[in-house]
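Pasting data-v7.csv here (CSV, C-alpha atoms and all ligand atoms):
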```csv
chain,number,residue,atom,x,y,z
A,1,MET,CA,124.1,97.9,184.9
A,2,LYS,CA,121.0,97.3,182.8
A,3,ASN,CA,119.5,93.8,182.7
A,4,LYS,CA,118.8,92.0,179.5
A,5,ASN,CA,115.1,92.9,179.2
A,6,GLU,CA,115.9,96.6,179.7
A,7,LEU,CA,118.6,96.3,177.0
A,8,ILE,CA,116.3,94.6,174.5
A,9,ALA,CA,113.5,97.2,175.2
A,10,GLU,CA,116.0,100.0,174.7
A,11,ILE,CA,117.3,98.5,171.4
A,12,SER,CA,113.8,97.8,170.1
A,13,GLY,CA,112.8,101.4,171.0
A,14,LEU,CA,115.7,102.7,168.9
A,15,VAL,CA,114.7,100.4,166.1
A,16,GLU,CA,111.1,101.5,166.2
A,17,LYS,CA,111.9,105.1,165.7
A,18,SER,CA,114.5,104.6,163.0
A,19,ASN,CA,113.8,104.4,159.3
A,20,THR,CA,117.3,103.7,158.0
A,21,ILE,CA,119.4,101.1,159.8
A,22,LEU,CA,123.0,100.1,159.1
A,23,ILE,CA,124.2,96.7,160.3
A,24,LEU,CA,127.9,96.1,160.4
A,25,GLY,CA,130.0,93.0,161.1
A,26,HIS,CA,133.8,92.3,161.6
A,27,VAL,CA,136.6,91.8,159.0
A,28,SER,CA,137.0,88.1,157.8
A,29,PRO,CA,133.3,87.6,158.6
A,30,ASP,CA,132.2,84.1,159.8
A,31,GLY,CA,128.9,82.3,160.1
A,32,ASP,CA,128.0,84.0,163.3
A,33,CYS,CA,128.6,87.4,161.9
A,34,PHE,CA,126.6,86.7,158.7
A,35,GLY,CA,123.9,84.9,160.6
A,36,SER,CA,123.3,87.6,163.2
A,37,MET,CA,123.4,90.4,160.5
A,38,ALA,CA,121.0,88.6,158.2
A,39,ALA,CA,118.5,87.7,160.9
A,40,LEU,CA,118.3,91.2,162.2
A,41,GLY,CA,118.3,92.7,158.7
A,42,MET,CA,115.4,90.5,157.5
A,43,GLU,CA,113.3,91.4,160.5
A,44,PHE,CA,113.9,95.1,160.1
A,45,ILE,CA,113.1,94.9,156.4
A,46,ARG,CA,109.8,93.1,157.3
A,47,LYS,CA,109.0,96.0,159.6
A,48,GLY,CA,109.4,98.4,156.6
A,49,LYS,CA,112.8,99.8,157.5
A,50,THR,CA,115.5,100.6,154.9
A,51,VAL,CA,118.4,98.3,155.9
A,52,ARG,CA,122.0,98.1,154.7
A,53,CYS,CA,124.4,95.3,155.9
A,54,ALA,CA,128.1,95.1,155.3
A,55,ALA,CA,131.1,93.2,156.5
A,56,GLY,CA,134.6,92.3,155.1
A,57,ASP,CA,134.5,91.3,151.5
A,58,GLY,CA,130.8,90.5,151.7
A,59,LEU,CA,129.3,86.9,151.6
A,60,THR,CA,131.9,84.2,151.3
A,61,TYR,CA,131.6,80.9,149.3
A,62,LYS,CA,130.1,78.8,152.1
A,63,TYR,CA,127.4,81.4,152.9
A,64,GLU,CA,126.3,82.0,149.3
A,65,PHE,CA,122.8,80.7,150.2
A,66,ILE,CA,122.2,83.9,152.2
A,67,ARG,CA,122.4,85.9,149.0
A,68,ASP,CA,118.8,84.8,148.2
A,69,TYR,CA,117.7,86.1,151.6
A,70,ILE,CA,119.3,89.5,152.0
A,71,GLU,CA,122.1,91.6,150.5
A,72,ILE,CA,125.3,91.8,152.4
A,73,LEU,CA,127.7,94.3,150.9
A,74,SER,CA,131.5,94.4,151.1
A,75,ALA,CA,133.1,97.2,153.2
A,76,GLU,CA,134.3,98.8,150.0
A,77,GLU,CA,130.9,98.7,148.4
A,78,LEU,CA,129.2,100.2,151.4
A,79,TYR,CA,131.9,102.9,151.8
A,80,ASP,CA,131.6,103.9,148.1
A,81,LEU,CA,127.8,104.2,148.3
A,82,TYR,CA,127.2,105.5,151.8
A,83,LYS,CA,130.3,107.2,153.1
A,84,ASP,CA,128.4,110.5,153.4
A,85,THR,CA,125.1,109.0,154.6
A,86,ASP,CA,123.7,109.5,158.0
A,87,PHE,CA,121.7,106.5,159.1
A,88,ASP,CA,119.2,106.7,161.9
A,89,LEU,CA,120.8,103.8,163.7
A,90,VAL,CA,123.9,101.7,163.3
A,91,ILE,CA,124.1,98.2,164.9
A,92,THR,CA,127.3,96.2,165.1
A,93,VAL,CA,127.0,92.4,165.7
A,94,ASP,CA,129.7,89.9,166.8
A,95,THR,CA,132.3,92.7,166.7
A,96,ALA,CA,134.6,92.7,169.7
A,97,ASP,CA,136.0,96.2,169.2
A,98,LYS,CA,135.2,99.2,167.0
A,99,TYR,CA,138.3,98.8,164.8
A,100,ARG,CA,137.3,95.2,164.1
A,101,VAL,CA,134.8,96.5,161.5
A,102,GLY,CA,137.8,97.5,159.4
A,103,SER,CA,139.2,100.9,158.5
A,104,LEU,CA,136.6,101.8,155.9
A,105,LEU,CA,133.5,100.8,157.9
A,106,GLU,CA,135.0,102.5,161.0
A,107,LYS,CA,134.8,105.8,159.1
A,108,VAL,CA,131.2,105.2,158.3
A,109,PHE,CA,130.5,104.1,161.9
A,110,ASP,CA,132.1,107.2,163.4
A,111,ARG,CA,129.8,109.6,161.6
A,112,GLN,CA,126.6,107.9,162.9
A,113,LYS,CA,125.0,109.5,166.0
A,114,CYS,CA,123.2,106.5,167.4
A,115,SER,CA,124.8,103.1,167.8
A,116,VAL,CA,124.1,99.7,169.3
A,117,ALA,CA,126.5,96.8,169.9
A,118,ILE,CA,125.2,93.2,170.2
A,119,ASP,CA,128.1,90.9,171.0
A,120,HIS,CA,129.2,87.8,172.9
A,121,HIS,CA,132.9,88.7,173.5
A,122,ILE,CA,133.2,89.7,177.1
A,123,THR,CA,136.3,91.8,176.4
A,124,ASN,CA,134.1,94.2,174.3
A,125,PRO,CA,135.0,97.7,175.5
A,126,CYS,CA,131.3,98.9,175.1
A,127,PHE,CA,132.1,101.3,172.2
A,128,SER,CA,128.5,102.1,171.3
A,129,ASN,CA,125.7,104.1,172.9
A,130,VAL,CA,123.8,100.9,173.9
A,131,ASN,CA,125.9,97.8,174.5
A,132,TRP,CA,124.4,94.4,174.9
A,133,ILE,CA,127.4,92.2,175.7
A,134,GLU,CA,126.8,88.8,177.1
A,135,ASP,CA,129.1,85.7,177.5
A,136,ARG,CA,127.3,83.3,175.2
A,137,SER,CA,128.3,80.8,172.5
A,138,SER,CA,127.5,83.3,169.7
A,139,ALA,CA,126.0,86.6,168.8
A,140,SER,CA,123.3,84.6,167.0
A,141,GLU,CA,122.0,83.3,170.4
A,142,LEU,CA,121.5,86.9,171.5
A,143,VAL,CA,119.8,87.9,168.2
A,144,TYR,CA,117.5,84.9,168.6
A,145,GLU,CA,116.5,86.1,172.1
A,146,TYR,CA,116.0,89.6,170.8
A,147,LEU,CA,113.7,88.4,168.0
A,148,VAL,CA,111.7,86.2,170.4
A,149,GLU,CA,111.4,89.0,173.0
A,150,THR,CA,110.2,91.6,170.4
A,151,GLY,CA,107.6,89.2,168.9
A,152,ALA,CA,109.4,88.9,165.6
A,153,ASP,CA,108.3,86.5,162.9
A,154,ILE,CA,110.9,83.7,162.8
A,155,SER,CA,110.9,82.3,159.2
A,156,VAL,CA,112.7,79.3,157.9
A,157,ARG,CA,115.3,81.7,156.5
A,158,THR,CA,115.8,83.4,159.9
A,159,ALA,CA,116.1,79.9,161.5
A,160,ASN,CA,118.6,78.9,158.9
A,161,VAL,CA,121.0,81.9,159.4
A,162,LEU,CA,120.8,81.8,163.2
A,163,PHE,CA,121.4,78.0,163.3
A,164,ALA,CA,124.3,78.6,160.9
A,165,GLY,CA,125.7,81.2,163.3
A,166,ILE,CA,125.4,79.0,166.4
A,167,MET,CA,126.7,75.9,164.6
A,168,THR,CA,129.8,77.5,163.3
A,169,ASP,CA,130.8,79.4,166.5
A,170,THR,CA,130.4,76.3,168.6
A,171,GLY,CA,132.3,74.0,166.2
A,172,ASN,CA,129.1,72.0,165.5
A,173,PHE,CA,128.1,72.2,169.2
A,174,THR,CA,131.5,70.7,170.4
A,175,TYR,CA,133.4,73.7,171.9
A,176,SER,CA,133.2,74.4,175.6
A,177,ASN,CA,131.1,77.5,174.9
A,178,THR,CA,128.2,75.2,174.1
A,179,THR,CA,125.7,75.2,176.9
A,180,SER,CA,122.3,73.6,177.5
A,181,LYS,CA,120.8,77.0,176.5
A,182,THR,CA,122.6,76.7,173.2
A,183,PHE,CA,121.0,73.3,172.5
A,184,GLU,CA,117.6,74.7,173.6
A,185,ILE,CA,117.8,77.5,171.1
A,186,ALA,CA,119.1,75.2,168.4
A,187,ALA,CA,116.1,72.9,169.1
A,188,GLU,CA,113.7,75.9,168.8
A,189,LEU,CA,115.3,76.9,165.5
A,190,VAL,CA,114.8,73.4,164.2
A,191,LYS,CA,111.1,73.7,165.2
A,192,TYR,CA,111.0,77.0,163.2
A,193,GLY,CA,112.3,74.9,160.2
A,194,ALA,CA,116.1,75.3,160.2
A,195,GLU,CA,117.3,73.0,157.4
A,196,THR,CA,120.2,71.4,159.4
A,197,SER,CA,121.5,68.9,156.8
A,198,PHE,CA,121.4,71.5,154.1
A,199,LEU,CA,123.4,73.9,156.3
A,200,ALA,CA,125.9,71.1,157.2
A,201,GLU,CA,126.5,70.4,153.6
A,202,GLU,CA,126.8,74.1,152.6
A,203,ILE,CA,128.9,75.3,155.5
A,204,ASP,CA,130.7,72.3,156.8
A,205,ARG,CA,131.4,69.9,154.0
A,206,LYS,CA,131.2,71.8,150.6
A,207,ARG,CA,134.7,72.6,149.5
A,208,THR,CA,136.1,73.7,146.1
A,209,LEU,CA,138.8,71.7,144.4
A,210,GLY,CA,141.2,74.5,145.0
A,211,ALA,CA,140.5,74.5,148.7
A,212,THR,CA,141.0,70.8,148.8
A,213,LEU,CA,144.4,71.1,147.1
A,214,LEU,CA,145.3,73.9,149.6
A,215,VAL,CA,144.7,71.4,152.5
A,216,ALA,CA,147.2,69.0,150.8
A,217,HIS,CA,149.7,71.8,150.3
A,218,ALA,CA,149.4,73.1,153.9
A,219,ILE,CA,149.9,69.6,155.3
A,220,ASP,CA,153.0,69.4,153.0
A,221,THR,CA,154.5,72.5,154.7
A,222,MET,CA,153.9,71.1,158.2
A,223,THR,CA,156.9,70.5,160.4
A,224,LEU,CA,156.8,68.8,163.8
A,225,HIS,CA,158.8,69.7,166.9
A,226,HIS,CA,159.3,68.6,170.5
A,227,ASP,CA,158.3,65.0,170.2
A,228,ASN,CA,155.6,66.0,167.7
A,229,ARG,CA,153.9,68.2,170.3
A,230,ILE,CA,154.2,71.4,168.3
A,231,ALA,CA,153.1,71.5,164.6
A,232,VAL,CA,153.7,74.5,162.3
A,233,MET,CA,152.2,75.1,158.9
A,234,SER,CA,152.5,78.1,156.6
A,235,VAL,CA,150.8,79.4,153.5
A,236,SER,CA,151.6,82.4,151.2
A,237,TYR,CA,149.3,84.1,148.8
A,238,ASP,CA,151.1,82.6,145.9
A,239,GLU,CA,150.5,79.2,147.3
A,240,ILE,CA,146.8,79.9,148.0
A,241,TYR,CA,146.1,81.2,144.5
A,242,GLY,CA,148.5,78.6,143.0
A,243,CYS,CA,146.2,75.9,144.4
A,244,GLY,CA,143.2,77.7,142.9
A,245,ALA,CA,142.0,78.5,146.4
A,246,LEU,CA,140.9,81.8,148.1
A,247,PRO,CA,142.2,83.4,151.4
A,248,GLU,CA,138.9,82.5,153.1
A,249,ASP,CA,139.8,78.8,152.5
A,250,CYS,CA,142.5,79.1,155.2
A,251,GLU,CA,139.9,79.3,157.9
A,252,ASN,CA,140.0,75.6,159.1
A,253,LEU,CA,143.5,74.6,157.9
A,254,ILE,CA,145.0,74.8,161.3
A,255,ASN,CA,142.7,72.0,162.5
A,256,PHE,CA,144.6,69.5,160.4
A,257,ALA,CA,147.6,70.2,162.6
A,258,ARG,CA,145.7,70.6,165.8
A,259,ASP,CA,143.8,67.3,165.5
A,260,ILE,CA,147.0,65.2,165.4
A,261,ASP,CA,146.9,63.2,168.6
A,262,SER,CA,150.4,64.1,169.8
A,263,VAL,CA,150.0,67.8,169.1
A,264,GLU,CA,149.4,70.2,172.0
A,265,ILE,CA,150.2,73.5,170.1
A,266,ALA,CA,149.3,74.0,166.4
A,267,VAL,CA,150.5,77.1,164.5
A,268,LEU,CA,149.5,78.4,161.1
A,269,ILE,CA,151.6,81.3,159.6
A,270,ARG,CA,149.7,83.0,156.9
A,271,GLU,CA,151.0,85.8,154.7
A,272,ILE,CA,149.4,89.2,154.8
A,273,ASN,CA,152.2,90.6,152.7
A,274,PRO,CA,155.7,89.2,152.2
A,275,LEU,CA,157.0,90.9,155.4
A,276,ARG,CA,153.9,90.6,157.6
A,277,HIS,CA,152.1,87.4,158.7
A,278,LYS,CA,149.0,86.4,160.6
A,279,VAL,CA,149.8,83.7,163.2
A,280,SER,CA,146.9,81.5,164.3
A,281,LEU,CA,147.4,79.4,167.4
A,282,ARG,CA,145.5,76.4,168.8
A,283,SER,CA,146.2,74.4,171.9
A,284,LYS,CA,144.4,71.3,173.2
A,285,LYS,CA,144.9,70.7,176.9
A,286,TYR,CA,147.3,72.8,179.0
A,287,ALA,CA,149.0,75.5,176.9
A,288,ASP,CA,147.5,78.9,177.2
A,289,VAL,CA,147.8,80.4,173.7
A,290,ALA,CA,146.0,83.6,174.6
A,291,LYS,CA,148.9,84.5,176.9
A,292,PHE,CA,151.3,83.4,174.2
A,293,ALA,CA,149.6,85.6,171.6
A,294,ALA,CA,149.5,88.5,174.0
A,295,CYS,CA,153.3,88.5,174.2
A,296,PHE,CA,153.2,89.3,170.5
A,297,GLY,CA,150.4,92.0,170.8
A,298,GLY,CA,147.6,89.6,169.9
A,299,GLY,CA,144.9,87.9,171.9
A,300,GLY,CA,142.0,85.4,172.0
A,301,HIS,CA,140.9,82.5,174.1
A,302,LYS,CA,143.0,79.9,176.1
A,303,HIS,CA,142.8,77.3,173.3
A,304,ALA,CA,142.4,79.6,170.2
A,305,ALA,CA,144.3,82.8,169.7
A,306,GLY,CA,146.2,84.8,167.2
A,307,CYS,CA,148.6,87.7,166.5
A,308,THR,CA,150.2,89.5,163.6
A,309,LEU,CA,154.0,89.6,163.2
A,310,ASP,CA,156.4,91.4,161.0
A,311,GLY,CA,159.1,89.4,159.2
A,312,THR,CA,159.5,86.5,156.8
A,313,THR,CA,157.9,83.1,157.3
A,314,VAL,CA,161.3,81.7,158.3
A,315,GLU,CA,162.0,84.5,160.9
A,316,ILE,CA,158.5,84.2,162.4
A,317,LYS,CA,158.6,80.5,162.6
A,318,LYS,CA,161.9,80.7,164.6
A,319,LYS,CA,160.5,83.3,167.0
A,320,ILE,CA,157.2,81.4,167.5
A,321,LEU,CA,159.0,78.1,168.1
A,322,GLU,CA,161.2,79.6,170.7
A,323,GLU,CA,158.2,80.8,172.7
A,324,ALA,CA,156.1,77.7,172.1
A,325,GLU,CA,158.8,75.5,173.4
A,326,LYS,CA,158.6,77.3,176.8
A,327,LEU,CA,154.9,76.2,177.1
A,328,ILE,CA,155.6,72.6,176.3
B,1,MN,MN,130.8,85.1,167.1
```
Please, can you express the file's structure as C-alpha cells?
Ligand SMILES: [Mn+2]
Amino acid sequence: MKNKNELIAEISGLVEKSNTILILGHVSPDGDCFGSMAALGMEFIRKGKTVRCAAGDGLTYKYEFIRDYIEILSAEELYDLYKDTDFDLVITVDTADKYRVGSLLEKVFDRQKCSVAIDHHITNPCFSNVNWIEDRSSASELVYEYLVETGADISVRTANVLFAGIMTDTGNFTYSNTTSKTFEIAAELVKYGAETSFLAEEIDRKRTLGATLLVAHAIDTMTLHHDNRIAVMSVSYDEIYGCGALPEDCENLINFARDIDSVEIAVLIREINPLRHKVSLRSKKYADVAKFAACFGGGGHKHAAGCTLDGTTVEIKKKILEEAEKLI
C-alpha cells in the first residue's frame, strides 16, 4: 500500500500533466463536499487548468458565498454540457462509492480514462485509478494536506471553504471524529484568514422563514415511544413546500428529536415519492443504528445512519418502530 506522500506525489503528477480537470462530489452535497471541491478547483484554476466542478443540484442556500469563488454546476448542467467530453483527469471528493455521484455524473465519470478519489470514508471500495482514502474527520482535512504538501497558495477563500468543510463534518468540532489534528488544521486555516464568525452565521445560523416553519411542522409530527426513548418525525414534499421550505432544509431536522434528553433513537422519515421514503436514524449512547440500517439495505456509522424503504409513511413507521424497539 502506498503511503500518503507517495499518493500526494502521484496525484499532483497527474494534475501537472492535465489541462482539463473534472471535480465531482456526491448527491445531496454538504459543506465538506463543496469545501473540498472548491479548494481543489480554485488551486487548479490558479495553475492555469480548465476546471469544471459538479455535485447534486449545485450550491445550496447556506453555501451561496462560494458562488463568488468558483462555479459549481448541478449534475444536470454538467451532463448537458459535457456528457461527450473527455477530461484529462476526473477527481471525486468526499464520495464513498462511485454510484454516490448520482446516475448522470456516473455516466460522465465512466467515460474518463484517468481518475482519482480523495475520501475519508474507510468503506470506500477504491473505485478510481488512484485512491487516497484515509480515516479523517473530513475530506477537507485531506485536501488541506494536499495543498500544503504541493506548495499551493492558501488564500482566504481557500481557508474559508476548507474550514466550512471541517466545521460541518465535525458538527462544529463536537463529533467523535474530531481529533487534535483537526484542531491543528483548523487553527492553521484561521491563520490563513478563515472568517469563522462569517461562516458560522452563513452555514450554522442563517435560516429562511420557510425552513423555520418546517422545523415547527416536523416537531408537530413527532411521536414518542418506549418511555420517550424513541422519537419519530416525518415530512412529505407537500409539507416541505407548504411551509415555503426546500428539501435541503431537512438536513438537520432530526437533531430536534435526537437532542431530547430522554431520546436514544431518533428517526426522520422523509418522502422521496409517495411510496418511497428515506429514513434517517440517530442514536446517542448504546443503540447501533448502522446495524439497524443495514437490516434494511442501508448503512452509515454507529450513531448516524440511514436507509431507503418502499411504502407509505404509516407502513414504514410501523416497520421501523418494530425494529427500534428491539434495540431499546
Ligand atoms: Mn465528508
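Comparing A:Ile265, A:Arg67, A:Val130, A:His301 by their smallest distance to Ser176 (chain A), the closest is A:His301 (using all atoms listed in the file).
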Next on the checklist: Using all atoms listed in the file, which residues have at least one atom no more than 10 Å from ligand MN 1 (chain B)? Output them as a VMD selection string.
Outcome noted: chain A and resid 25 to 26 29 to 36 93 to 96 119 to 121 136 to 141 165 to 166 168 to 170
Checklist entry - By how many Å are CA of Asp238 (chain A) and CA of Cys295 (chain A) apart? => result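 It comes out at 29.0 Å.
Of the residues under consideration (A:Ile11, A:Ala216, A:Ile272, A:Ala324), A:Ile11 shows the shortest atom-to-atom contact distance to Val143 (chain A) when counting all atoms listed in the file.
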Checklist outcome for this item: Nearest to Asp261 (chain A), restricted to all atoms listed in the file and choosing among A:Ser18, A:Ser283, A:Ser234, A:Ser197, comes out as A:Ser283
Checklist entry - Counting only C-alpha atoms, which of A:Ala266, A:Cys53, A:Val108, A:Ile72 gets nearest to Asn228 (chain A)? => result A:Ala266
Item to check | Top pick for closest residue to Asp88 (chain A), considering A:Arg52, A:Arg157, A:Lys107, A:Lys4 and counting all atoms listed in the file | outcome: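 Closest to Asp88 (chain A), using all atoms listed in the file: A:Arg52.
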Item to check | Atomic separation - CA of Ala211 (chain A) relative to CA of Tyr99 (chain A), Å | outcome: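 Spanning CA of Tyr99 (chain A) to CA of Ala211 (chain A) is a straight-line distance of 29.2 Å.
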Item to check | Nearest candidate to Lys17 (chain A) (options A:Leu89, A:Leu73, A:Leu327, A:Leu59; using all atoms listed in the file) | outcome: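 Selected residue with least distance to Lys17 (chain A): A:Leu89.
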Checklist entry - Counting all atoms listed in the file, what is within 12 Å of Glu201 (chain A), bar same-chain residues fewer than 4 positions away, as a ChimeraX atom specification? => result /A:62-63,65,164,195-197,205-207
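Interatomic distance, CA of Ala75 (chain A) to CA of Glu16 (chain A): 25.9 Å.
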Determine, using only C-alpha atoms, which residues of region 173-220 of chain A have any atom at most 7 Å from an atom of region 239-259 of chain A, and tabulate each with its shortest atom pair and distance in Å to one decimal place, rows ordered by chain and then rising number, as a Markdown table.
```
| residue | atom | partner | partner_atom | distance |
| --- | --- | --- | --- | --- |
| A:Gly210 | CA | A:Ala245 | CA | 4.3 |
| A:Ala211 | CA | A:Ala245 | CA | 4.9 |
| A:Leu213 | CA | A:Cys243 | CA | 5.8 |
| A:Leu214 | CA | A:Cys243 | CA | 5.6 |
| A:Val215 | CA | A:Leu253 | CA | 6.4 |
```
Compile the contact shell of Glu106 (chain A) as a short mmCIF file (atom, residue, chain, number, x, y, z; two decimals) with C-alpha atoms, keeping the file's coordinate frame: residues with an atom at most 12 Å away, counting only C-alpha atoms, same-chain residues fewer than 6 positions apart removed.
```
data_model
loop_
_atom_site.label_atom_id
_atom_site.label_comp_id
_atom_site.auth_asym_id
_atom_site.auth_seq_id
_atom_site.Cartn_x
_atom_site.Cartn_y
_atom_site.Cartn_z
CA LEU A 24 127.90 96.10 160.40
CA GLY A 25 130.00 93.00 161.10
CA HIS A 26 133.80 92.30 161.60
CA VAL A 27 136.60 91.80 159.00
CA ALA A 54 128.10 95.10 155.30
CA ALA A 55 131.10 93.20 156.50
CA GLY A 56 134.60 92.30 155.10
CA ALA A 75 133.10 97.20 153.20
CA GLU A 76 134.30 98.80 150.00
CA LEU A 78 129.20 100.20 151.40
CA TYR A 79 131.90 102.90 151.80
CA LYS A 83 130.30 107.20 153.10
CA VAL A 90 123.90 101.70 163.30
CA THR A 92 127.30 96.20 165.10
CA THR A 95 132.30 92.70 166.70
CA ASP A 97 136.00 96.20 169.20
CA LYS A 98 135.20 99.20 167.00
CA TYR A 99 138.30 98.80 164.80
CA ARG A 100 137.30 95.20 164.10
CA GLN A 112 126.60 107.90 162.90
CA PHE A 127 132.10 101.30 172.20
#
```
Next on the checklist: With all atoms listed in the file as the counted atoms, please give the residues lying no more than 7 Å from region 273-279 of chain A, apart from itself and same-chain residues fewer than 3 positions off, as a VMD selection string.
Outcome noted: chain A and resid 267 to 270 306 to 312
Distance query Ala304 (chain A) at most 7 Å, only C-alpha atoms, self and fewer than 4 positions along chain excluded, as a PDB file with C-alpha atoms, keeping the file's coordinate frame:
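Output below, filename around.pdb:
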```pdb
ATOM      1  CA  LEU A 281     147.400  79.400 167.400  1.00  0.00           C
ATOM      2  CA  ARG A 282     145.500  76.400 168.800  1.00  0.00           C
ATOM      3  CA  SER A 283     146.200  74.400 171.900  1.00  0.00           C
ATOM      4  CA  VAL A 289     147.800  80.400 173.700  1.00  0.00           C
ATOM      5  CA  ALA A 290     146.000  83.600 174.600  1.00  0.00           C
ATOM      6  CA  GLY A 300     142.000  85.400 172.000  1.00  0.00           C
TER       7      GLY A 300
END
```
